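**Student:** Have a look at this one before I ask anything.
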Amino acid sequence: MKGWRVYQALLAGLLFTGCVVAQDHFASVDASAPLGLESHRPKIGLVLSGGGARGAAHIGVLKALEELHVPIDAIAGSSIGAVVGGLYASGLSAEQIEKLLVSLDWADAFRDRASRPDLDFRRKEDDRDFLVNLPVGYGEDGFRFPRGLIQGQKLEAKLRSALSPVAMRQRFDELPIPFRAIATDLASGEAVVLDHGSLAQALRASMSVPGLLAPVKIDDRLLVDGGIAENLPVDVARAMGVDVVIVVDVTSPLQAPDQLKSPLAVSNQMIAILIGRATARARQALTKRDVYIRPELGSISALDFAHLDVAIKAGEAAVVAQTPLSDYELDKPRYLAYRQSLTSPEPAPLLEFVQVTPATGRYHKLIEAALEPAMGKPMTPALIDESLSVLNGRDLFQALNYQWLNDQGRRGILVDAQPKSWGPTFLHFALELQNDFRGTDSFNAGVRAVFTDVNPYLAEWRLDLKVGNQPKIKAEFFQPLGYASPWFIAPSANSQSRNVSLFNPDGTALADYRISERDFGIDWGRLLGSWGEFRIGVHDITGVSSLRIGTPLLSAATPPPGSFAQGGYFARFSVDQLDSVNFPRRGNSLVLEWDGQRKYFGANDSGDRAKVDWLIANSYNRDTLVFWASAGSALTALRGVQSDYTLGGFLNLSGLSANSLAGPHFAIARLVYFHKVSNGGNGLLEVPAYVGISTEAGNVWSERHDISYASSRKDGSLFLGLDTPLGPAYLGAGLDQGGHTSYYLFLGRTF
């Protein structure tokens with residue numbers, strides 16, 4: 001009996017030990033295997049190369065693998081391969097990724113500024129006055145330029161939104177599918193394997209094509225496109241513990257000799273050679289069990305984002321043409337269980353604290369104030385991006401990013417607001433060229449220097465300089481009345497010259513005056529969010545009018561040329577919600593202005609003027625309709641041609657010469673239709689083209705009681721427009737009801 005008890009104890013001990021060993025064994029196997037899959041199934045790694053827009057073929061490959069029920073256990077990607085792979089690793093299906101990338105406005109995603117309606121109102125003024133799209137700054141070391149044509153801020157925000165379900169997972173092994181993104185260290189040229197941190201930032205770094213997209217700073221390293229150092233990261237995927245790799249190579253082919261016709265083409269060829277050699281070395285590491293897929297992408301280029309659908313179909317076709325993948329396929333129930341294991345949405349935690357990086361500098365108070373309304377609410381990208389939109393609208397940052405933090409159970413965000421590296425002084429340029437094909441032309445070129453962060457209250461200086469037919473120099477000091485306060489005070493000084501031409505009713509020139517003015521003033525007002533501004537001010541204006549051509553018109557309304565004074569005060573209410581000032585497609589703008597000249601301010605005469613300008617635009621697909629009306633009146637008589645309003649020129653009675661009508665009262669209404677005929681590019685580097693037509697009715701009048709529709713002139717125009725980086729360019733023809741015709745070729749502001 002005693003021996004039997006010893007035997008029972010020994011047997012129980014062996015059974016207990018066996019259970020523990022078995023438990024440990026199955027735990028070690030199943031921990032790395034997705035739900036519903038047998039542990040003996042080979043682990044499959046997916047390797048996705050770089051290739052720009054050609055990388056859309058990766059989506060087609062994923063769609064085909066899903067159709068075949070081939071599971072993926074780990075992903076490594078470079079450049080666009082990292083973007084597609086990272087989205088898939090987050091739990092999105094191939095179909096969801098396709099919808100996201102195909103519907104994405106790539107031209108807008110690669111623009112750095114916030115959408116124009118969201119810009120700070122002062123930045124909208126820069127946008128109106130200086131149309132050349134060329135980012136240049138000035139600092140202690142002279143002129144400064146961005147490290148890339150595109151900073152990628154919008155692109156990263158779109159990625160961050162798509163990846164929001166896994167935003168709290170800071171280690172990429174914790175994603176539904178373990179993932180690695182490859183980037184290149186700009187200082188050493190070494191490949192950098194990104195396996196933690198902000199997934200959106202990692203994807204953005206991996207696709208930072210040098211010269212096009214600015215480098216991304218992560219862990220004190222400046223990172224650029226991963227395809228340069230390791231375009232086909234096979235070894236990285238193997239290091240993740242996979243048994244088999246499926247490699248998708250969408251690298252651009254080398255150009256033929258007859259295609260290398262520019263220095264840029266030669267440079268691109270050299271880069272392609274280096275990437276091609278690294279890709280060839282990676283292919284040599286493949287085994288017979290591995291699968292190599294090279295989609296037939298034909299002439300699709302790395303920048304051809306307009307043909308993503310073609311590349312996707314090529315990716316699907318490449319998988320179908322492959323050796324059967326039956327060894328790696330699952331039956332339908334097991335594959336559905338695998339896909340279900342990848343989608344486990346997590347509730348958004350509440351925002352409990354905000355931290356900022358040291359690079360943020362003096363802007364930390366702005367950031368904390370902007371995020372204050374989000375405190376205690378669910379942390380979603382939509383909420384955080386909306387809270388930070390005010391800072392984006394200031395257009396002071398080359399990167400305004402954030403990542404989620406978990407500090408001992410408390411959830412928050414770390415904001416990285418990097419001021420523009422080409423600041424703190426920013427230069428804006430203007431270029432105006434006009435020719436009417438009648439021997440009359442004009443030219444003006446200008447620059448605006450904006451000195452930001454002048455003091456702790458974020459004041460700024462503006463200095464304008466213009467040369468040409470209408471020279472100008474102006475300085476304004478803009479001082480908020482408190483930290484980030486909407487109230488401001490703005491003293492200014494301005495000196496400018498302009499021409500005023502007077503014509504007979506038949507269109508013949510009568511006289512031409514040169515007006516030179518000096519203006520000293522001080523304004524006080526309030527910014528109304530990003531959409532508007534109200535200001536009032538007192539100004540002392542003095543000047544000289546001189547007759548250049550013709551005979552002076554001597555009358556009570558037009559005194560002899562000579563000096564004049566127009567001291568007084570004014571009030572202006574402005575609204576600007578247009579999506580573009582070159583070719584507005586949506587939104588509206590409104591300016592209501594009144595100014596009063598008073599003898600006790602030094603004016604020659606006392607009098608009042610009022611003016612209104614209103615524009616509203618709406619679009620459907622490629623078609624846009626704009627209604628634009630302007631009117632002004634001298635409420636009490638003011639003498640001198642310098643006080644007259646003028647009409648004539650493109651969209652200002654298009655059949656007449658520029659400024660060929662002048663008088664103390666004017667009104668004009670326009671209805672403009674234009675159609676977008678071409679992007680003029682591949683969707684990334686586009687120069688949109690438009691054809692349009694306008695109908696206009698308006699005139700100037702000597703007496704207010706003469707104003708009527710019957711006495712207005714009816715004009716119209718046809719035009720071709722290009723939205724170029726130097727500003728809007730037009731070729732147009734105008735017709736007046738009196739039979740006058742005008743032709744226009746010019747570069748500069750119209751609306």
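In the structure tokens, chains take the letters A, B, ... in the order shown, each chain's residues start at 1, and ligands count up from 1 in the order shown.
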I want to know what sits within 6 Å of Thr695 (chain A), based on only C-alpha atoms, with residues of the same chain fewer than 6 positions away left out; could you give that as a list in words?

**Tutor:**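 Once the adjacent positions are removed, what remains is Arg670, Leu671, Asp715 and Gly716 of chain A.
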
**Student:** Could those selected residues go to a file with all heavy atoms, as a short mmCIF file (atom, residue, chain, number, x, y, z; two decimals), in the first residue's frame?

**Tutor:**
```cif
data_model
loop_
_atom_site.label_atom_id
_atom_site.label_comp_id
_atom_site.auth_asym_id
_atom_site.auth_seq_id
_atom_site.Cartn_x
_atom_site.Cartn_y
_atom_site.Cartn_z
N ARG A 670 -19.72 91.43 -62.48
CA ARG A 670 -19.20 90.47 -63.44
C ARG A 670 -19.75 89.09 -63.13
O ARG A 670 -19.91 88.72 -61.96
CB ARG A 670 -17.67 90.37 -63.41
CG ARG A 670 -16.90 91.65 -63.47
CD ARG A 670 -16.52 92.09 -62.10
NE ARG A 670 -15.43 93.05 -62.05
CZ ARG A 670 -15.18 93.78 -60.97
NH1 ARG A 670 -15.92 93.67 -59.86
NH2 ARG A 670 -14.18 94.62 -60.98
N LEU A 671 -19.97 88.32 -64.15
CA LEU A 671 -20.29 86.90 -64.04
C LEU A 671 -19.23 86.17 -64.86
O LEU A 671 -19.15 86.36 -66.08
CB LEU A 671 -21.69 86.60 -64.55
CG LEU A 671 -22.27 85.23 -64.21
CD1 LEU A 671 -22.41 85.07 -62.69
CD2 LEU A 671 -23.62 85.02 -64.88
N ASP A 715 -19.74 94.67 -71.36
CA ASP A 715 -18.53 94.11 -71.94
C ASP A 715 -18.49 92.61 -71.70
O ASP A 715 -19.28 92.05 -70.93
CB ASP A 715 -17.30 94.76 -71.33
CG ASP A 715 -17.04 96.16 -71.86
OD1 ASP A 715 -18.00 96.95 -71.97
OD2 ASP A 715 -15.89 96.46 -72.16
N GLY A 716 -17.53 91.95 -72.32
CA GLY A 716 -17.32 90.53 -72.11
C GLY A 716 -15.91 90.15 -72.51
O GLY A 716 -15.16 90.94 -73.09
#
```

**Student:** Please identify every residue of region 646-725 of chain A that has at least one atom no farther than 12 Å from an atom of region 120-137 of chain A, counting only C-alpha atoms, and for each give the shortest atom pair and the distance in Å to one decimal, arranged by chain then increasing number, as a Markdown table.

**Tutor:**
```
| residue | atom | partner | partner_atom | distance |
| --- | --- | --- | --- | --- |
| A:Asp723 | CA | A:Leu131 | CA | 10.3 |
| A:Thr724 | CA | A:Val132 | CA | 8.5 |
| A:Pro725 | CA | A:Asn133 | CA | 5.1 |
```

**Student:** List the spatial neighbours of Gln470 (chain A) as a PyMOL selection string - criterion: any atom at most 10 Å away, only C-alpha atoms, same-chain residues fewer than 5 positions off excluded.

**Tutor:** chain A and resi 442-445+496-499+514-516

**Student:** Could you take the residues named above and write them with all heavy atoms, as a CSV table (one decimal), in the first residue's frame?

**Tutor:**
```csv
chain,number,residue,atom,x,y,z
A,442,SER,N,3.3,97.2,-69.3
A,442,SER,CA,3.7,97.6,-67.9
A,442,SER,C,4.4,96.5,-67.3
A,442,SER,O,4.2,95.3,-67.6
A,442,SER,CB,2.5,98.1,-67.1
A,442,SER,OG,1.6,97.0,-66.9
A,443,PHE,N,5.2,96.8,-66.3
A,443,PHE,CA,6.0,95.8,-65.6
A,443,PHE,C,6.2,96.3,-64.1
A,443,PHE,O,6.5,97.5,-63.9
A,443,PHE,CB,7.4,95.7,-66.2
A,443,PHE,CG,8.3,94.9,-65.3
A,443,PHE,CD1,8.3,93.5,-65.2
A,443,PHE,CD2,9.3,95.6,-64.5
A,443,PHE,CE1,9.2,92.8,-64.4
A,443,PHE,CE2,10.2,94.9,-63.7
A,443,PHE,CZ,10.1,93.5,-63.6
A,444,ASN,N,5.9,95.4,-63.2
A,444,ASN,CA,6.2,95.7,-61.8
A,444,ASN,C,6.7,94.4,-61.1
A,444,ASN,O,6.3,93.3,-61.4
A,444,ASN,CB,4.9,96.1,-61.0
A,444,ASN,CG,4.4,97.4,-61.5
A,444,ASN,OD1,4.9,98.5,-61.1
A,444,ASN,ND2,3.3,97.4,-62.3
A,445,ALA,N,7.7,94.6,-60.3
A,445,ALA,CA,8.2,93.4,-59.5
A,445,ALA,C,8.4,93.9,-58.1
A,445,ALA,O,8.7,95.0,-57.8
A,445,ALA,CB,9.6,93.0,-60.1
A,496,GLN,N,4.3,105.7,-52.5
A,496,GLN,CA,4.1,105.0,-53.8
A,496,GLN,C,3.7,106.0,-54.9
A,496,GLN,O,3.4,107.2,-54.6
A,496,GLN,CB,2.9,104.0,-53.6
A,496,GLN,CG,1.6,104.7,-53.3
A,496,GLN,CD,0.5,103.6,-53.1
A,496,GLN,OE1,0.7,102.5,-53.4
A,496,GLN,NE2,-0.7,104.1,-52.7
A,497,SER,N,3.8,105.6,-56.1
A,497,SER,CA,3.5,106.4,-57.3
A,497,SER,C,2.6,105.5,-58.2
A,497,SER,O,2.8,104.3,-58.3
A,497,SER,CB,4.7,106.8,-58.0
A,497,SER,OG,5.5,107.7,-57.2
A,498,ARG,N,1.7,106.2,-59.0
A,498,ARG,CA,0.9,105.5,-59.9
A,498,ARG,C,0.4,106.5,-61.0
A,498,ARG,O,0.6,107.7,-60.9
A,498,ARG,CB,-0.4,105.0,-59.2
A,498,ARG,CG,-1.2,106.0,-58.4
A,498,ARG,CD,-2.2,105.4,-57.5
A,498,ARG,NE,-2.9,106.3,-56.7
A,498,ARG,CZ,-4.0,107.0,-57.0
A,498,ARG,NH1,-4.6,106.8,-58.2
A,498,ARG,NH2,-4.5,107.9,-56.2
A,499,ASN,N,-0.1,105.9,-62.1
A,499,ASN,CA,-0.6,106.7,-63.2
A,499,ASN,C,-2.1,106.7,-63.2
A,499,ASN,O,-2.7,105.7,-62.9
A,499,ASN,CB,0.0,106.2,-64.5
A,499,ASN,CG,1.5,106.3,-64.6
A,499,ASN,OD1,2.1,107.2,-64.0
A,499,ASN,ND2,2.1,105.4,-65.4
A,514,ARG,N,0.7,111.6,-63.2
A,514,ARG,CA,1.5,110.8,-62.4
A,514,ARG,C,1.2,111.3,-60.9
A,514,ARG,O,1.4,112.5,-60.6
A,514,ARG,CB,3.0,111.0,-62.7
A,514,ARG,CG,3.9,110.2,-61.8
A,514,ARG,CD,3.8,108.7,-62.2
A,514,ARG,NE,4.9,107.9,-61.7
A,514,ARG,CZ,5.0,106.6,-61.8
A,514,ARG,NH1,4.0,105.9,-62.4
A,514,ARG,NH2,6.0,105.9,-61.3
A,515,ILE,N,0.7,110.3,-60.1
A,515,ILE,CA,0.4,110.7,-58.7
A,515,ILE,C,1.4,110.0,-57.8
A,515,ILE,O,1.7,108.8,-57.8
A,515,ILE,CB,-1.0,110.1,-58.3
A,515,ILE,CG1,-2.0,110.5,-59.4
A,515,ILE,CG2,-1.4,110.6,-56.9
A,515,ILE,CD1,-2.3,112.0,-59.5
A,516,SER,N,2.0,110.9,-56.9
A,516,SER,CA,3.0,110.4,-55.9
A,516,SER,C,2.4,110.7,-54.6
A,516,SER,O,2.1,111.9,-54.3
A,516,SER,CB,4.4,111.0,-56.1
A,516,SER,OG,4.9,110.7,-57.4
```

**Student:** Enter the distance from CA of Leu405 (chain A) to CA of Pro165 (chain A), in Å, rounded to one decimal.

**Tutor:**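 One can read the CA of Leu405 (chain A) to CA of Pro165 (chain A) distance as 14.8 Å.
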
**Student:** What does the structure give for the distance between CA of Asp249 (chain A) and CA of Gly226 (chain A), in Å to one decimal?

**Tutor:**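 Going from CA of Asp249 (chain A) over to CA of Gly226 (chain A) covers 14.1 Å.
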
**Student:** List every residue of region 553-684 of chain A that DSSP, applied to the backbone, labels as strand (DSSP E or B), and write the result as a PyMOL selection string.

**Tutor:** chain A and resi 562-565+568-576+587-597+607-620+623-634+645-647+661-663+665-678

**Student:** Show me, as a PyMOL selection string, the residues that have an atom within 10 Å of region 349-359 of chain A when counting only C-alpha atoms, minus same-chain residues fewer than 3 positions from it.

**Tutor:** chain A and resi 168+346+362-365+367-368+371-372+374-380+384+402+404-407+410-419

**Student:** Just want the 12 Å neighbourhood of Ala634 (chain A), counted on only C-alpha atoms, with same-chain residues fewer than 6 positions away dropped. Output as a list in words.

**Tutor:**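 Contacts, in chain order: Ala557, Trp594, Asp595, Gly596, Gln597, Ser606, Gly607, Asp608, Arg609, Ala610, Lys611, Gly640, Ser643, Asp644, Tyr645, Gly663, Pro664, His665, Phe666, Val700, Trp701, Ser702, Glu703 and Arg704 of chain A.
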
**Student:** I'd like the interatomic distance between CA of Ala272 (chain A) and CA of Gln255 (chain A), to a tenth of an Å.

**Tutor:**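 CA of Ala272 (chain A) sits 9.0 Å away from CA of Gln255 (chain A).
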
**Student:** Could you give me, as an MDAnalysis selection string, each residue of region 166-293 of chain A that DSSP assigns to alpha helix (DSSP H) when run on this structure's backbone?

**Tutor:** chainID A and resid 199:206 227:230 234:238 263:283

**Student:** Determine the nearest neighbour of Arg572 (chain A) from the options A:Trp422, A:Phe601, A:Trp524, A:Tyr730, counting only C-alpha atoms.

**Tutor:**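 Between A:Trp422, A:Phe601, A:Trp524, A:Tyr730, the residue approaching Arg572 (chain A) most closely is A:Trp524.
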
**Student:** Restricting the calculation to only C-alpha atoms, which member of A:Ser678, A:Leu175, A:Leu465, A:Gly739 is positioned closest to Thr343 (chain A)?

**Tutor:**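 Under the stated criterion, the closest residue is A:Leu175.
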
**Student:** Taking only C-alpha atoms into account, name the residue in A:Pro688, A:Gly655, A:Gly86, A:Gly189 that is nearest to Phe172 (chain A).

**Tutor:** A:Gly86

**Student:** Would you mind listing what lies within 12 Å of Lys99 (chain A) as a ChimeraX atom specification, with only C-alpha atoms counted and same-chain residues fewer than 5 positions away left out?

**Tutor:** /A:56,59,92-94,104-105,162,308-309,312

**Student:** Can those selected residues be exported to a file as a tab-separated table (two decimals), in the first residue's frame so that it contains N, CA and C atoms?

**Tutor:**
```
chain	number	residue	atom	x	y	z
A	56	ALA	N	1.88	51.82	-56.34
A	56	ALA	CA	0.47	51.43	-56.26
A	56	ALA	C	0.28	49.97	-56.65
A	59	ILE	N	-0.50	47.52	-53.91
A	59	ILE	CA	-1.90	47.33	-53.51
A	59	ILE	C	-2.52	46.19	-54.31
A	92	LEU	N	-5.61	47.62	-42.05
A	92	LEU	CA	-6.44	47.97	-43.20
A	92	LEU	C	-6.35	46.88	-44.25
A	93	SER	N	-7.43	46.66	-44.97
A	93	SER	CA	-7.43	45.70	-46.06
A	93	SER	C	-6.87	46.35	-47.32
A	94	ALA	N	-6.55	45.54	-48.33
A	94	ALA	CA	-6.04	46.08	-49.59
A	94	ALA	C	-7.07	46.99	-50.24
A	104	LEU	N	-7.14	60.05	-52.82
A	104	LEU	CA	-6.34	61.12	-52.24
A	104	LEU	C	-5.97	62.16	-53.29
A	105	ASP	N	-6.15	63.42	-52.99
A	105	ASP	CA	-5.70	64.50	-53.86
A	105	ASP	C	-4.20	64.67	-53.63
A	162	ALA	N	-5.33	58.11	-41.17
A	162	ALA	CA	-5.63	56.75	-41.61
A	162	ALA	C	-5.16	55.72	-40.60
A	308	LEU	N	-2.69	55.63	-60.85
A	308	LEU	CA	-2.54	54.62	-59.80
A	308	LEU	C	-3.38	53.38	-60.10
A	309	ASP	N	-4.55	53.57	-60.72
A	309	ASP	CA	-5.41	52.42	-61.01
A	309	ASP	C	-4.75	51.45	-61.97
A	312	ILE	N	-2.18	49.44	-60.02
A	312	ILE	CA	-2.83	48.44	-59.14
A	312	ILE	C	-3.19	47.19	-59.93
```
